[in-house]
Every structure is written in C-alpha cells, then in structure tokens.
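Undergrad: Okay, handing you the structure first.
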Amino acid sequence: MTKEFIGKRIKRNEDPRLLTGQALFVDDVDIPGMLHAAFVRSDYAHAKIVSIDTSTARQMPGVVAVYTAEDMGDEWQPGPPLVSPPPTVEDVVFHSRRQAPLVKDKVRHAGETVAVVVAESRYLAEDAAEEIWVEYDPLPAVVDIEKGLEPNSPLVHDDLESNLAAHLSQEKGDYEAAKAQADVVISKKIHIDRGAAAAMENRGIVAHWDEKGQLLTIWDTTQAPIPIRNGTAARLGLSENQVRVIAPFVGGGFGPKIMMFYPEEMLIPWISMKLCRPIKWIEDRRENFYATTQERGQVHEVEMALTKDGKILGLKDDFLHDTGAFDPYGLTIPLNTQSHVMGPYEIANFSSEFKVVFTNKTIVTPVRGAGRPQGVYIIERLMDAAARELDIDPIEIRKKNLIAPDAFPYSHSIIDQAFAELILDSGDYLPTFEKAIEMIGYRQFIEQEQPRLRAEGKYVGIGITPFIETTGVGPYEGARVQIEPSGKVNLATGIGTQGQGHFTSFAQIVAEQLGVDVTDVRIITGDTAEFHWGTGTFASRGAVVAGNAVYAAASGVRKKVLKMASKVLDAPEEELEIQDGMVRVADIPRMSISLGELAAQANPLRGAVEPGTEPGLEATDYFGPQYGATAFGTHAMIIEVDPETMLVEIKRYVTAEDCGRMLNPLIVEGQVHGGVSMGIGNAYYEQLHFDENGQLLNASLADYLIPSSMEMPPRIEVGHAETKSPLSELGTKGVGEAGTIPVPACFAQALENALQDFDLEIAETPLSPNRLYELLYKKEQ
Amino acid sequence: MRIEGEYTFSGTREDVWEIVRDPEILSTALPGTQKFEQVGENEYEGRMNVRIGPVSGTFGGKLTVSNEIPPESYTLTVEGTGKVGFLKGTGDVELLDQGDGTTLMKYDGEVQIGGRVASVGQRLFDTVSKSMIKQGLEKLDEALQARSSDAD
Amino acid sequence: MSDLFNLSLTVNGAAYERQVEPRLLLSDFLRQNLGLTGTHVGCEHGVCGACTILFDGEPARSCLIFAVQAHGHEVLTVEGMGTIDNLHPLQEAFWEAHGLQCGFCTPGFLTTLLPFLEENPDPSEEEIREAISGNLCRCTGYQHIVDAVKLAAEKMRT
C-alpha cells in the first residue's frame with residue numbers, strides 16, 4: 001500500500017526559502033545593465049491631454065529614454081479583451097473598451113499612465129518623471145454609477161451614447177406571477193462600495209530582451225503567466241517560443257494580478273526590445289492604490305416574494321455594476337453576483353437585470369470573492385428582513401429554503417461566469433449550517449447569554465450566514481511529471497503561486513501516486529519555459545483544475561513505472577507496490593528496484609528500444625472540468641458594539657467549510673483565516689473613498705485600513721465537512737475565496753442583531769464606526 | 001472640499017480692503033510664498049511651497065479677483081499645479097463693518113485637489129489649509145496695524 | 001546628483017564600506033547595494049512593516065531610514081537569522097505552524113519578533129497580537145502567526 005499524503009496536515013515545501021529571505025520575488029531580479037522605469041500618471045480622473053512637455057526630463061542625468069503615446073507611433077495599441085465578452089444570452093449589450101499602454105487622447109481615471117521615463121536608477125527615473133509637465137483640460141468626472149447613467153452625464157468614452165458598458169437580463173420561472181401569489185414582498189435598495197485587494201507585494205515587471213539570443217524573458221507578478229506570454233508574443237510580433245514569462249514567488253494576488261495586460265505589462269517588454277536592455281518597474285504603494293484593479297461597487301434594487309411561513313416564492317434583483325474606466329474583464333463579476341444571489345436556496349422564480357457602468361475610476365476586475373460577496377450580501381440582507389417581517393427565527397427561515405441534499409446536481413437555471421448553465425455539482429447544506437450553529441452555540445447565546453449581557457448594558461449580536469462558492473472553473477490546466485535518475489520527481493504546471501502552497505499540495509498528490517516523500521517532489525509552477533498550456537490561478541481553481549491535472553499526470557507516470565517494473569522484476573503489475581522510492585514485489589522485499597534506477601533504464605544510452613517506446617518515466621496530462629465545483633459552508637460570529645464609539649469587536653468567529661476533499665487541512669485553514677480577515681476588512685474597515693472629482697482620497701496604508709492582528713477575532717474556529725465533487729478524480733473544490741465571501745453579510749446580520757433596540761437596518765457595506773454613527777444619528781432624527 | 005471661516009481685522013473696512021488688494025503685502029502674508037506678481041489688472045501669478053503631511057512641493061499658479069464691490073466683497077479664483085498635484089478653487093470674500101473700528105471678513109469657497117496631495121494628503125488638507133489661512137490673515141492684520149501706526 | 005558619502009556599517013555580522021547618495025534609503029541599500037533581498041518593501045511609508053530590520057538590536061523600518069543614518073551601526077536582516085539548512089527556532093516555528101503563505105511580509109514579522117521573544121520568553125496571545133500589530137499580513141489572518149510565536153517561545157525556552 002502506498003503511503004497516503006492527501007488530506008494530511010503537512011508543512012510546506014516552499015517555506016524554508018521564504019523564511020530565510022532566499023525566495024525570488026520579482027523585485028529581487030537583478031541583471032547587469034538593467035534600467036529602471038518610473039511612470040507619469042494622471043492627476044485628473046477625467047481630462048483631455050493638451051500637451052506633454054518631456055524636454056527637460058530627456059536632458060536629465062541618467063535618463064536613457066522617455067516615451068509618451070506619440071513616441072510609440074504605430075506600435076501603440078490597447079490591451080486585448082481578456083474574457084471573451086458577449087455570452088449567448090438574448091439582447092445582451094457589451095461595449096468593450098480597453099486600457100492603453102499610454103494615454104493618447106484623454107485620461108479616464110486618476111493614475112492612468114501618461115508617460116514613462118527609463119533611467120539608470122529608480123531614483124533618477126522618478127526625478128525626471130517629476131520634470132515632465134502635462135497640460136490638461138479637465139472634464140467633469142463620472143463617479144457615481146447611478147448618476148453615470150443619467151442622460152446629461154459626462155461620458156467616459158465619447159464614442160458611446162452613454163456610460164452603459166453592458167446590459168444583461170436573466171429570467172427563471174415567472175417572478176411577477178410568484179409575486180402576485182406572495183403573502184409578503186420585501187424590497188430594499190442596497191449599496192456596496194469599493195475596496196482594494198492590497199496584496200503586501202505591489203505589482204512589478206522585469207523584462208529582458210536578449211538581442212543575440214532573440215529571446216524575451218519577463219518576470220511578472222502575474223497570476224497567469226501563460227496568457228501573458230502568448231499575448232506579449234502577439235503584441236510584439238514574436239513567436240510564443242521566443243517569450244518566456246516567469247511568475248516567481250508572488251507576494252499575494254487576490255485577483256488583480258490576473259492576466260490584465262496592465263499598461264506597464266504592455267510597455268516594459270516593449271521598451272526592453274527598443275533599448276535592448278533589461279528594464280525593471282516596481283509599483284509603489286500609491287500606484288497600487290489607483291493603478292491596480294479594484295472591486296465591489298454595485299447598487300442593487302431587490303425584491304423578495306414569500307409565503308407567510310417564510311418560503312421564498314421569487315426573487316428579483318436589478319443592479320448596477322461599476323466597471324471603472326474600462327471593462328477588460330468582461331462580465332465575470334456581475335455574472336458571479338447573479339450566480340450567488342440565489343446562493344444555497346431553492347428559488348423557483350428569479351429575475352435579474354444588470355447594467356455595467358463606465359466611471360472615471362480605477363478599472364474593476366475580480367478581487368478575492370469576485371462578485372460573490374455582493375450576491376451573498378444581497379440575499380442574506382433580504383433573508384434577515386423577511387425573518388423580521390414575518391417574525392420567524394432567522395435560522396428557521398434559512399433552513400426552510402436551503403436546497404435539499406437529494407436535489408444535486410442542482411441547476412439554478414441561469415448562466416454563470418463561463419456562460420454555461422449554473423449547475424451546483426454536489427452539496428449537503430444543512431450539516432455545515434447546523435455545525436456552525438452548534439459551534440457558536442446559537443441557542444445558548446440567544447436564550448441566555450444575550451439577554452444577560454443586554455441587561456448589563458452590552459450590545460452583543462450574532463450572525464449566521466450560509467453561502468456557496470462556485471469554484472474550479474475551466475477551461476483546463478495541465479501538468480508534467482517526471483521521475484529523474486536521482487529518484488527525485490519533477491512536476492511542472494502552468495499556474496503560478498501567490499502563497500496558496502502549490503509546492504506542497506501538488507507535491508502531496510504526486511508523492512501519493514509515486515511512493516516518494518513529499519519533499520522529494522520538486523515543483524516548477526508559473527514558468528512558461530517549463531509548461532506553457534493553461535490559463536492561471538483565479539476563481540479558486542488551483543486545487544481543482546491544476547490539482548486534478550497533476551493527479552492525472554502522476555497517475556500516468558505510475559502506470560509507466562508499474563509496466564516497466566513488471567518487466568524488469570518479472571512480476572505481474574498487480575503484485576507490485578511503490579513505496580519509499582522503490583518498486584517492490586509485494587511480500588518479497590528482495591525483488592525490488594528504485595524509481596531512480598528505473599528512470600535511468602527508461603532513458604538508455606545504447607541499444608535498441610521497441611518501436612513506439614517513449615523515453616523516460618514522464619507523463620503530461622490535462623484536466624478540464626465539465627463545469628465548476630461548488631463549495632459551500634456557513635460562517636457565524638458574535639460581536640459587541642460599543643454604543644459610544646460604534647467600535648465593533650468580534651468576540652467569536654466560527655466557520656463550517658465544505659470544499660470537497662481536502663488536500664491539506666492546514667493549508668485549507670490558512671486560506672479560510674486569510675479570507676475571513678479580508679472579509680472583515682470589507683465589512684468594517686476597507687473602503688476606497690473617491691471624491692466627486694474622482695480623486696482617490698485614501699491612497700496609502702495609513703489611510704486605507706487593512707485589518708491588523710488587533711482587529712481580528714481572538715480565534716477563527718474552522719470546522720470541516722467533505723462532500724466530494726463528482727466532477728473529478730480527486731473530488732476537490734476550491735477554498736481560496738470562501739473565507740471572504742460571506743463575511744460582510746454575516747457582519748451586517750450580527751450588527752442588526754446587536755442593535756435591535758435601535759431598530760437599525762443595514763443596507764450597505766463597507767461600514768465603519770463613523771458610518772454606523774451616521775446611520776444611528778439619521779435614525780434618531 | 002469646502003473652506004469657510006471668518007476673521008476680525010482691527011481696522012476699518014476701507015483699510016482692510018486696501019491691504020487685501022495689495023500684492024506686495026499679500027506676497028508676504030501666505031506662508032511658503034516664493035514669488036507673487038501682478039500680471040494683469042486683477043490677475044496675479046505666483047509660486048508657493050506647501051507641505052501637507054507627507055507631501056511637500058512647489059505649486060505654481062494664478063490668482064484672479066473678480067466681482068469686486070469695493071470695499072464690500074470680491075471673488076477669488078485660484079488655480080495651482082505642481083509636481084505633487086493640483087489645486088483649484090473659488091471663494092467669496094465679504095467684509096462687514098462692525099461699527100467699532102473692526103472689520104469682519106467672511107470667506108466661503110470650494111476647493112478641488114488632485115494628485116498626490118489628494119491621494120495621500122487629503123486627511124490633513126483641511127487642517128493645513130485652515131492653519132495656512134489663519135497664519136495669512138494674521139500676517140495681514142499685522143500689516144494693517146503696522147500701516148495704521150505708521151500713519152499715526 | 002548629489003555628493004556621495006562614505007558609509008561603513010555591519011550587516012549580519014559582516015562589515016561593509018560603501019559610497020552612497022545621502023537620499024538612498026536603507027531598504028534600497030540592503031536590497032540593491034548588498035543584494036540582501038530578503039528585506040521586502042511593501043508600502044514605502046512605514047506602515048506595513050515588511051521592511052523591518054534590527055538596527056542595533058531594535059526593530060526599525062528600513063524604508064524610513066536613510067542608509068547614511070546606519071553609519072557606524074549594526075543591522076540584522078532576515079538573512080542573518082538562520083539558513084535553509086539551519087533555521088532559527090522562530091523560523092522553524094513559522095514553518096511548523098503554517099505562519100506564512102505568500103511569505104512577503106514574513107521577514108518583517110521575524111525581525112519584529114526576535115527581540116520581542118528575547119524579552120518575553122512566555123508571552124500571552126494578547127501580548128503577541130500587540131507585538132505584531134505594526135506588521136500587516138494579507139494572507140494569514142494572523143492566527144497561524146500567533147500560533148507560530150507561541151510555538152517559537154516554547155522552542156526558544158528549551
């Protein structure tokens with residue numbers, strides 16, 4: 001029997017390098033002759049460029065080159081559309097407008113790239129960038145999405161009739177008929193504002209065009225090196241094999257490091273080819289705040305029709321989605337919102353229409369959660385309102401509407417972000433819901449603790465929020481596994497790592513198949529020279545899509561090992577076992593051969609081989625799921641609100657997660673903890689404040705507050721259940737975003753519960769002590 | 001961003017009017033002013049060094065006076081740009097005779113800021129602008145008193 | 001370009017002499033001039049704590065210090081704490097407790113915690129949370145870091 005590694009709490013292979021400062025991040029790349037770039041970015045959110053004076057900058061010490069859009073001549077072209085936009089839905093509208101490497105006509109958000117300076121050092125590049133004078137003709141800015149659709153609004157893109165970027169409607173059943181039969185209809189208008197992903201590492205790129213070798217090497221903080229390689233090759237007129245993109249260790253991704261083709265990603269390689277010099281650009285934190293993509297801005301008008309005993313008859317959700325100045329990422333986010341607004345509930349009649357709006361703000365693409373937290377927030381706010389209206393326990397009303405375990409695979413009968421039918425592959429929602437209720441001690445809290453503390457003048461509240469997360473979407477990923485003569489195993493896969501532990505969880509899969517130790521598997525992830533088929537790390541798909549590709553490739557090698565060992569050891573395959581790096585005939589330890597020796601024999605230096613023989617113990621395989629795997633769970637929290645300061649303390653936090661089969665529970669828990677901390681930020685600390693002119697007013701970590709150790713609850717207790725996905729051999733589901741998704745909804749629920757004396761209704765997120773105070777003050781007026 | 005406030009000058013409305021419309025005195029009043037020149041009847045150009053929290057830099061700009069009703073009121077329009085961003089604003093200034101030899105100045109305006117001053121200096125902009133205005137008005141008041149004591 | 005200054009300092013026990021511009025940040029000096037890229041820069045304004053180093057034994061933000069200010073002083077970076085084959089017990093504890101994910105903020109946590117644990121050999125969870133409250137981590141939610149510090153304290157006591 002081969003040793004089992006999957007499902008074990010195994011410490012990570014990558015950590016010793018990270019812990020000693022020996023892991024390579026993009027900013028650590030240093031090449032002789034390397035030049036440094038600094039950007040001139042727009043101070044205005046919306047303005048025509050009248051003139052750009054680069055004359056002084058070009059003369060400054062150490063400056064090698066300065067480029068504006070004009071200097072790029074015919075080579076200026078906007079970025080590619082990333083996610084093919086118009087799905088096969090009737091009457092869909094989609095206007096694709098993409099960011100350019102350098103702005104030509106007018107700037108459309110503060111921080112857009114206007115010029116770039118290349119100099120001998122970053123210091124000198126920044127000196128020169130400050131001497132570039134840009135004359136602007138300011139235009140009124142589109143900031144508010146509702147006002148942005150008014151007929152007299154200024155236009156972000158002058159060639160369009162309005163700021164409408166996209167429009168899509170989806171229907172299931174007949175909402176109006178359901179509403180006519182309903183005992184009660186709850187309606188709400190809900191505002192959700194923007195936050196930043198704020199990975200600790202800012203973005204960065206080093207591009208090195210080797211003129212003699214005719215090869216372009218790019219180190220990029222990207223979540224998707226392969227699409228960047230292919231897109232760069234196409235943009236620069238190179239063969240795909242002439243471009244190598246390496247995503248080394250990346251200091252957190254959380255969505256915005258996806259294959260954006262950010263302006264800098266288009267420019268730096270181009271400049272390297274122009275100058276035949278290596279070029280480095282590292283984003284600073286302020287640039288990260290207005291040049292790296294953001295998310296979450298939506299306004300919903302939503303209605304829920306119910307029977308008097310709390311059964312949902314129908315749901316109608318019409319919403320606006322803020323896409324910022326461009327829409328390179330298509331409809332992924334609003335479709336995700338639509339896909340999660342019905343969530344874990346059975347809702348027979350559904351109607352939803354969204355309008356995507358261009359604004360003079362930073363571009364919007366997925367941030368951990370990607371439209372899902374909004375969907376969960378919407379449905380859960382309505383569940384709470386309905387429970388109150390109907391005087392039903394908030395737990396009971398949810399239980400009443402959860403999809404039954406025998407209903408899977410369950411179709412929500414709308415399309416998802418992949419433009420395919422939204423099918424929930426598997427699930428059993430009640431157990432995790434009840435587990436969270438039990439872990440947090442809901443009954444005891446409601447019946448004893450809360451009344452007692454309330455009598456002491458303490459405002460304590462509880463929230464319990466079930467949710468789903470669509471994960472592991474296609475199209476596919478691949479992997480190549482090879483046993484070396486040393487007995488060590490190499491694994492190469494296309495997706496990069498941003499801290500998820502790929503070096504370990506993938507190694508566990510391989511080690512279990514090939515009977516080696518987890519530390520004997522050397523992994524290369526995110527280097528297109530090693531593997532160039534696949535898309536990237538996003539949509540909580542690493543462990544699902546790449547994980548199963550790794551499994552398939554490792555199984556392929558296992559088959560080769562057994563076949564060959566069977567010949568060498570002259571024993572039937574069924575009697576062989578692989579363990580501790582050896583293939584043995586079961587029960588006859590003498591009859592064995594090491595994997596390394598087999599690998600050496602599989603690559604002979606002399607002699608003849610049978611026709612059709614593949615050399616080596618190597619296999620490449622792919623996995624593409626039929627559709628996504630849907631994870632689920634329930635979060636619960638107990639909070640205390642200080643009525644004087646409106647500071648909220650999270651006293652307890654509990655999650656019951658089901659992400660299918662777990663590869664490594666230690667890593668799963670880490671993902672959940674981190675997700676929850678980002679969710680807490682989204683709920684109560686993190687809001688990007690744009691003024692009416694589109695100026696971002698809190699573009700530093702001193703003003704934009706991400707949770708520190710003090711804002712987190714003392715413990716996040718994580719409970720697990722494992723409902724395997726039937727869509728793959730491993731049965732895995734994603735968990736990267738699950739921690740974040742339900743937090744704002746759960747927080748709002750707990751707040752309302754804590755402040756029930758004030759009869760406060762929360763219909764927005766993020767909140768803050770200030771905002772809570774305002775809401776209470778307004779209520780009192 | 002709104003900037004409003006008031007200040008009492010110890011002088012008559014006519015004297016205050018003269019002071020606030022005298023470019024030479026104005027140039028000494030605002031902290032950090034490096035240059036202040038009259039370029040048209042009601043137009044001035046200047047350069048000023050400003051520090052707002054972590055952001056500091058030189059702003060070059062233009063000041064225009066309009067809607068003049070001597071000695072009662074006028075409108076100020078400011079436009080400044082620099083390496084650290086830009087600033088644009090319009091404000092109404094009103095002088096009210098208090099009948100006791102003092103004059104009350106009321107000002108009320110809207111200022112727009114952008115670039116680095118906005119993105120990382122915003123939190124402090126309000127405080128800094130208030131303190132700069134206060135310092136400036138105190139300087140003007142000093143000049144007013146110096147002038148009246150000269151006249152004595 | 002301004003004049004160059006002679007800078008001599010000790011980093012991770014080794015003496016260095018370099019000529020630097022007065023405006024060069026210590027973080028850039030360590031990373032670019034000495035190639036010690038384990039010190040990471042996350043915000044350039046002293047908030048995130050990723051660039052924390054030990055300056056004469058005290059945690060300090062190397063992005064807020066000019067290299068010339070380190071003249072005659074002693075600096076310790078993460079590279080000076082332990083090696084891949086010989087981890088410091090604090091590094092070992094982070095490994096065992098899964099106290100890091102992307103690892104970008106980690107060097108700053110380690111340098112912050114080293115003197116903390118020397119002064120507080122048996123800290124409470126509350127004390128640990130306070131000790132790391134000036135270091136931001138976006139991946140872990142801090143829980144496994146707190147666990148790691150408790151484990152490290154245990155290892156370092158024995």
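So you can find residues: chains in the structure tokens are A, B, ... in the order shown, residues in each start at 1, and ligands are numbered from 1 in order.
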Given a cut-off of 12 Å, which residues of chain B touch chain A, counting only C-alpha atoms, written out as an MDAnalysis selection string?
TA: chainID B and resid 1 53:54 57:58 81:88 111:125
Undergrad: Counting only C-alpha atoms, which residues of chain C come no farther than 12 Å from chain B, as a ChimeraX atom specification?
TA: /C:44-46
Undergrad: Do me a favour and pick out the residues of chain C within 8 Å of chain A, using only C-alpha atoms, as a PyMOL selection string.
TA: chain C and resi 1+31+36-39+41-44+47-48+78-79+81-84+87+91+94-98+100-107+129-130+132-144
Undergrad: Between B:Ser27, B:Ser56, B:Thr64, B:Thr90, which is the closest to Val39 of chain B once you count only C-alpha atoms?
TA: B:Thr64
Undergrad: With only C-alpha atoms as the counted atoms, please give the residues lying no more than 9 Å from Gly628 of chain A, apart from itself and same-chain residues fewer than 5 positions off, as a list in words.
TA: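 Near neighbours after the sequence-gap exclusion: Leu422, Ile423, Leu424, Asp425, Thr470, Thr471, Gly472, Val473, Gly474, Arg541, Val544, Leu727 and Lys733 of chain A.
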Undergrad: I need the helix (DSSP H, G or I) residues of chain C per DSSP on the backbone, written as a compact mmCIF listing (two decimals) with C-alpha atoms, in the first residue's frame.
TA:
```txt
# COMPACT_ATOMS: atom_id res chain seq x y z
CA LEU C 26 18.43 51.81 3.97
CA SER C 27 15.91 49.35 2.47
CA ASP C 28 17.22 50.07 -1.03
CA PHE C 29 20.81 49.94 0.17
CA LEU C 30 20.33 46.49 1.69
CA ARG C 31 18.46 45.16 -1.31
CA GLN C 32 20.32 46.78 -4.17
CA ASN C 33 23.82 47.53 -2.92
CA SER C 62 14.35 50.31 6.83
CA CYS C 63 12.14 52.25 4.37
CA LEU C 64 12.09 55.20 6.78
CA ALA C 67 21.38 54.37 4.54
CA VAL C 68 23.78 57.03 5.81
CA GLN C 69 21.98 57.03 9.16
CA ALA C 70 23.23 53.48 9.62
CA VAL C 78 16.31 38.01 7.88
CA GLU C 79 19.32 36.55 6.05
CA GLY C 80 21.23 36.83 9.30
CA PRO C 89 13.75 28.25 16.14
CA LEU C 90 11.47 31.18 15.30
CA GLN C 91 11.71 30.33 11.61
CA GLU C 92 11.13 26.67 12.39
CA ALA C 93 8.03 27.56 14.36
CA PHE C 94 6.64 29.63 11.49
CA TRP C 95 7.20 26.63 9.24
CA GLU C 96 5.53 24.15 11.54
CA THR C 106 7.32 37.25 6.78
CA PRO C 107 10.86 38.68 7.10
CA GLY C 108 9.38 41.77 8.79
CA PHE C 109 7.44 39.62 11.25
CA LEU C 110 10.52 37.56 12.08
CA THR C 111 12.73 40.58 12.73
CA THR C 112 10.00 42.21 14.83
CA LEU C 113 9.54 39.06 16.88
CA LEU C 114 13.14 38.16 17.53
CA PRO C 115 13.80 40.83 20.21
CA PHE C 116 10.21 40.51 21.44
CA LEU C 117 10.69 36.86 22.29
CA GLU C 118 14.05 37.51 23.85
CA GLU C 119 12.40 39.99 26.20
CA GLU C 125 -1.78 35.66 22.95
CA GLU C 126 -2.78 39.21 23.70
CA GLU C 127 0.85 40.28 24.05
CA ILE C 128 1.75 38.53 20.83
CA ARG C 129 -1.07 40.24 18.94
CA GLU C 130 0.11 43.57 20.24
CA ALA C 131 3.71 42.83 19.33
CA GLN C 143 -3.94 33.28 13.62
CA HIS C 144 -1.24 30.88 12.49
CA ILE C 145 1.33 33.60 13.11
CA VAL C 146 0.15 33.88 16.71
CA ASP C 147 0.34 30.09 16.96
CA ALA C 148 3.84 30.16 15.50
CA VAL C 149 5.01 32.72 18.05
CA LYS C 150 3.68 30.61 20.90
CA LEU C 151 5.47 27.60 19.48
CA ALA C 152 8.65 29.61 18.96
CA ALA C 153 8.57 30.82 22.55
CA GLU C 154 8.36 27.21 23.66
CA LYS C 155 11.24 26.19 21.41
CA MET C 156 13.39 29.12 22.49
CA ARG C 157 12.76 28.47 26.18
```
Undergrad: So that I can check the secondary structure, give me every residue of segment 24-99 of chain C assigned strand (DSSP E) by backbone DSSP, as an mmCIF file with N, CA, C and O atoms, in the first residue's frame.
TA:
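Dumped to part-v4.cif:
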```cif
data_model
loop_
_atom_site.group_PDB
_atom_site.id
_atom_site.type_symbol
_atom_site.label_atom_id
_atom_site.label_comp_id
_atom_site.auth_asym_id
_atom_site.auth_seq_id
_atom_site.Cartn_x
_atom_site.Cartn_y
_atom_site.Cartn_z
ATOM 1 N N THR C 52 10.993 45.663 8.014
ATOM 2 C CA THR C 52 11.588 45.761 9.348
ATOM 3 C C THR C 52 12.929 45.018 9.427
ATOM 4 O O THR C 52 13.042 43.877 8.987
ATOM 5 N N ILE C 53 13.903 45.685 9.982
ATOM 6 C CA ILE C 53 15.219 45.077 10.234
ATOM 7 C C ILE C 53 15.558 45.366 11.699
ATOM 8 O O ILE C 53 14.840 46.118 12.352
ATOM 9 N N LEU C 54 16.620 44.770 12.168
ATOM 10 C CA LEU C 54 17.056 45.115 13.520
ATOM 11 C C LEU C 54 18.206 46.103 13.410
ATOM 12 O O LEU C 54 19.205 45.838 12.734
ATOM 13 N N PHE C 55 18.039 47.252 14.036
ATOM 14 C CA PHE C 55 19.010 48.332 13.999
ATOM 15 C C PHE C 55 19.600 48.402 15.396
ATOM 16 O O PHE C 55 18.899 48.767 16.339
ATOM 17 N N GLU C 58 17.267 46.720 17.724
ATOM 18 C CA GLU C 58 15.882 47.179 17.850
ATOM 19 C C GLU C 58 15.192 47.106 16.486
ATOM 20 O O GLU C 58 15.785 47.487 15.475
ATOM 21 N N PRO C 59 13.914 46.667 16.472
ATOM 22 C CA PRO C 59 13.215 46.645 15.185
ATOM 23 C C PRO C 59 13.059 48.061 14.627
ATOM 24 O O PRO C 59 12.714 48.985 15.364
ATOM 25 N N ALA C 60 13.329 48.225 13.344
ATOM 26 C CA ALA C 60 13.195 49.541 12.721
ATOM 27 C C ALA C 60 12.754 49.340 11.276
ATOM 28 O O ALA C 60 13.037 48.316 10.655
ATOM 29 N N ARG C 61 12.042 50.339 10.759
ATOM 30 C CA ARG C 61 11.573 50.275 9.370
ATOM 31 C C ARG C 61 12.676 50.777 8.446
ATOM 32 O O ARG C 61 12.996 51.967 8.473
ATOM 33 N N GLU C 74 24.852 48.674 13.581
ATOM 34 C CA GLU C 74 24.783 47.251 13.291
ATOM 35 C C GLU C 74 23.374 46.900 12.827
ATOM 36 O O GLU C 74 22.398 47.271 13.482
ATOM 37 N N VAL C 75 23.292 46.221 11.709
ATOM 38 C CA VAL C 75 21.983 45.872 11.151
ATOM 39 C C VAL C 75 21.878 44.357 11.049
ATOM 40 O O VAL C 75 22.846 43.691 10.688
ATOM 41 N N LEU C 76 20.690 43.852 11.392
ATOM 42 C CA LEU C 76 20.437 42.423 11.171
ATOM 43 C C LEU C 76 19.222 42.291 10.261
ATOM 44 O O LEU C 76 18.182 42.911 10.510
#
```
Undergrad: Give me the residues within 9 Å of Gly719 of chain A as a list in words, counting only C-alpha atoms and dropping any in the same chain fewer than 6 places off.
TA: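 Everything that qualifies: Thr432, Lys435, Ala436, Met439, Val654, Thr655, Ala656, Glu657 and Asp658 of chain A.
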Undergrad: Hey, can you spit out that residue selection with C-alpha atoms as a tab-separated table (two decimals), in the first residue's frame?
TA:
```tsv
chain	number	residue	atom	x	y	z
A	432	THR	CA	-22.49	22.67	7.73
A	435	LYS	CA	-22.43	22.60	12.54
A	436	ALA	CA	-21.79	26.34	12.60
A	439	MET	CA	-20.06	25.50	17.19
A	654	VAL	CA	-16.79	30.28	13.50
A	655	THR	CA	-16.81	28.72	10.04
A	656	ALA	CA	-18.01	25.36	8.85
A	657	GLU	CA	-16.48	24.77	5.44
A	658	ASP	CA	-17.08	22.12	2.83
```
Undergrad: Need to verify the contact set: Asn603 of chain A, 9 Å, only C-alpha atoms, exclusion of same-chain residues closer than 5 positions in sequence. Can you return it as a list in words?
TA: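 With the cut-off at 9 Å, the set is Leu598, Glu614, Pro615, Gly616 and Leu617 of chain A.
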Undergrad: Just to confirm, what's the straight-line distance from atom CA of Arg661 of chain A to atom CA of Lys399 of chain A in Å (one decimal)?
TA: 24.6 Å
